[in-house]
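Here the structure is laid out as structure tokens; the discussion comes afterwards.
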Amino acid sequence: MPQRIYHGNFSNTDLAQALMAEYSRGNLRVQQFNSGDTVVVQIATSQYASSGGSTALSVSLQNVADGVAVEIGKQAWLGIAASLGVSTIAALRNPLSLLNRLDDIAQDIVSVQLTDSVWNVIDSTARSLGSGFQLSDRLNRYICNYCNTPNPKGEPTCIACGAPLGDIQPLTCRKCGYIVHQNESNCVNCGSAL
């Protein structure tokens, strides 16, 4: 379950509302559950869906310091696989029967792309709410290894003791915003190259 952290002045309910607005239509239904600083949004195939196989997906949105941590659970694929299997068997028996199953196939394709679609909605919503890859003031300060004094970003030496600070300055991943260390070549959160 990949996790991304979005830094900015917004909360998990802002992202949950965007998911509710986007997926409360068509063959999907959405439910929201709140528990403390965590909101879980479940997106699933409606029981009244007229086409395609069934699927479900959970999105966990947790308020963290300076932003929101988003984690998407594993999507249920069994219903989609069964629907695609029926389409395949029908096509093997009679290729013209695919014309009767076009709605099912189209809905299955939309369902297969649900995880990517959810990430796109969260990314665009977070950007529109002011999320960026800049560190907040609290995270922009780094602690001197010698005297434990917080120092502002860009200081070459500690403002209290004068010790060099170059190796401890934090960075963020350009793709997901996760805080990484200078010596890391890949982001520990999303795996992208730094």
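Lettering and numbering for the structure tokens are positional, with chains as A, B, ... in the shown order, residues counted from 1 in each chain, and ligands counted from 1 in the shown order.
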Considering only C-alpha atoms, tabulate each residue of segment 57-134 of chain A that lies at most 10 Å from segment 26-33 of chain A along with its nearest interatomic pair and the corresponding distance in Å to one decimal; arrange the rows by chain and ascending residue number and present them as a Markdown table.
```
| residue | atom | partner | partner_atom | distance |
| --- | --- | --- | --- | --- |
| A:Leu57 | CA | A:Val30 | CA | 9.7 |
| A:Ser58 | CA | A:Gln31 | CA | 9.5 |
| A:Val59 | CA | A:Gln32 | CA | 9.5 |
| A:Ser60 | CA | A:Phe33 | CA | 9.6 |
| A:Gln107 | CA | A:Asn27 | CA | 8.3 |
| A:Ser111 | CA | A:Leu28 | CA | 9.3 |
```
Excluding Cys158 of chain A and residues on its chain fewer than 3 positions from it, collect all residues at most 12 Å away from it, counting only C-alpha atoms, and give them as number ranges by chain.
A: 141-155, 161-166, 168-169
Once you have the residues from the selection above, write them out as a short mmCIF file (atom, residue, chain, number, x, y, z; two decimals), in the first residue's frame, restricted to C-alpha atoms.
```cif
data_model
loop_
_atom_site.label_atom_id
_atom_site.label_comp_id
_atom_site.auth_asym_id
_atom_site.auth_seq_id
_atom_site.Cartn_x
_atom_site.Cartn_y
_atom_site.Cartn_z
CA ARG A 141 14.68 23.79 10.35
CA TYR A 142 17.35 21.22 11.05
CA ILE A 143 19.04 20.35 14.30
CA CYS A 144 22.77 20.70 14.84
CA ASN A 145 24.36 17.35 15.71
CA TYR A 146 26.68 19.00 18.24
CA CYS A 147 24.51 21.41 20.26
CA ASN A 148 20.91 20.48 19.28
CA THR A 149 20.08 24.02 18.13
CA PRO A 150 17.44 24.38 15.38
CA ASN A 151 18.89 26.16 12.37
CA PRO A 152 17.08 27.76 9.41
CA LYS A 153 17.37 26.31 5.92
CA GLY A 154 20.49 27.27 4.03
CA GLU A 155 22.75 28.00 6.99
CA CYS A 161 28.14 26.74 17.93
CA GLY A 162 29.46 27.23 14.39
CA ALA A 163 29.59 23.51 13.48
CA PRO A 164 29.16 22.66 9.75
CA LEU A 165 25.56 21.73 8.80
CA GLY A 166 25.79 20.75 5.12
CA ILE A 168 21.95 17.24 7.63
CA GLN A 169 19.79 19.59 5.54
#
```
Hey, what does DSSP flag as helix (DSSP H, G or I) within chain A? Can you give it to me as a PyMOL selection string?
chain A and resi 12-23+78-93+95-112+114-128+137-140+166-168
So that I can see what lies close to Ile80 of chain A, please list as a PDB file with N, CA and C atoms, in the first residue's frame the residues with an atom at most 6 Å from it, counting only C-alpha atoms and leaving out residues fewer than 5 positions away in the same chain.
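Done, and the output landed in result_37.pdb:
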```pdb
ATOM      1  N   GLY A  53     -18.001  -5.772 -13.715  1.00  0.00           N
ATOM      2  CA  GLY A  53     -17.814  -6.553 -12.504  1.00  0.00           C
ATOM      3  C   GLY A  53     -17.724  -5.651 -11.292  1.00  0.00           C
ATOM      4  N   SER A  54     -17.762  -6.250 -10.117  1.00  0.00           N
ATOM      5  CA  SER A  54     -17.714  -5.460  -8.886  1.00  0.00           C
ATOM      6  C   SER A  54     -16.272  -5.281  -8.418  1.00  0.00           C
ATOM      7  N   ASP A 108     -15.552  -2.368 -16.963  1.00  0.00           N
ATOM      8  CA  ASP A 108     -14.412  -3.089 -16.398  1.00  0.00           C
ATOM      9  C   ASP A 108     -13.112  -2.321 -16.610  1.00  0.00           C
TER      10      ASP A 108
END
```
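Proximity to Asp167 of chain A was assessed for A:Leu92, A:Gln182, A:Val64, A:Ser83 counting only C-alpha atoms; the smallest distance is recorded for A:Gln182.
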Among the residues of chain A, find those DSSP assigns to strand (DSSP E) from the backbone and print them as a PyMOL selection string.
chain A and resi 3-7+28-35+38-45+56-64+67-72+142-143+150-151+171-172+179-180
Quick one: residues within 12 Å of Val39 of chain A, only C-alpha atoms counted, chain neighbours fewer than 4 positions away excluded, as a ChimeraX atom specification?
/A:11-17,19-20,31-35,58-63,68-72
Which neighbours of Val112 of chain A fall inside 12 Å, counting only C-alpha atoms, when residues of the same chain fewer than 6 positions from it are skipped, and could you give them as a PDB file with C-alpha atoms, in the first residue's frame?
```pdb
ATOM      1  CA  THR A  45     -19.320  -0.744  -7.223  1.00  0.00           C
ATOM      2  CA  GLY A  52     -19.226  -4.538 -15.352  1.00  0.00           C
ATOM      3  CA  GLY A  53     -17.814  -6.553 -12.504  1.00  0.00           C
ATOM      4  CA  SER A  54     -17.714  -5.460  -8.886  1.00  0.00           C
ATOM      5  CA  THR A  55     -14.712  -3.841  -7.230  1.00  0.00           C
ATOM      6  CA  ALA A  56     -13.862  -1.966  -4.032  1.00  0.00           C
ATOM      7  CA  LEU A  57     -11.071   0.276  -2.807  1.00  0.00           C
ATOM      8  CA  LYS A  74      -5.404  -2.966  -2.444  1.00  0.00           C
ATOM      9  CA  GLN A  75      -8.254  -2.968  -4.900  1.00  0.00           C
ATOM     10  CA  ALA A  76     -10.618  -5.948  -5.065  1.00  0.00           C
ATOM     11  CA  TRP A  77     -10.163  -7.470  -8.535  1.00  0.00           C
ATOM     12  CA  LEU A  78     -12.180 -10.691  -8.393  1.00  0.00           C
ATOM     13  CA  GLY A  79     -15.432  -9.226  -9.732  1.00  0.00           C
ATOM     14  CA  ILE A  80     -13.651  -7.467 -12.600  1.00  0.00           C
ATOM     15  CA  ALA A  81     -11.751 -10.632 -13.498  1.00  0.00           C
ATOM     16  CA  SER A  83     -16.720 -10.131 -15.761  1.00  0.00           C
ATOM     17  CA  LEU A  84     -13.791 -10.069 -18.190  1.00  0.00           C
ATOM     18  CA  ILE A 105     -16.108  -4.261 -20.981  1.00  0.00           C
ATOM     19  CA  ALA A 106     -16.095  -0.454 -20.836  1.00  0.00           C
ATOM     20  CA  VAL A 118      -8.092   8.141  -7.261  1.00  0.00           C
TER      21      VAL A 118
END
```
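For the pair atom CA of Phe10 of chain A and atom CA of Val121 of chain A, the separation is 15.2 Å.
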Expressed in Å, the length from atom CA of Ala21 of chain A to atom CA of Gly8 of chain A is 21.0 Å
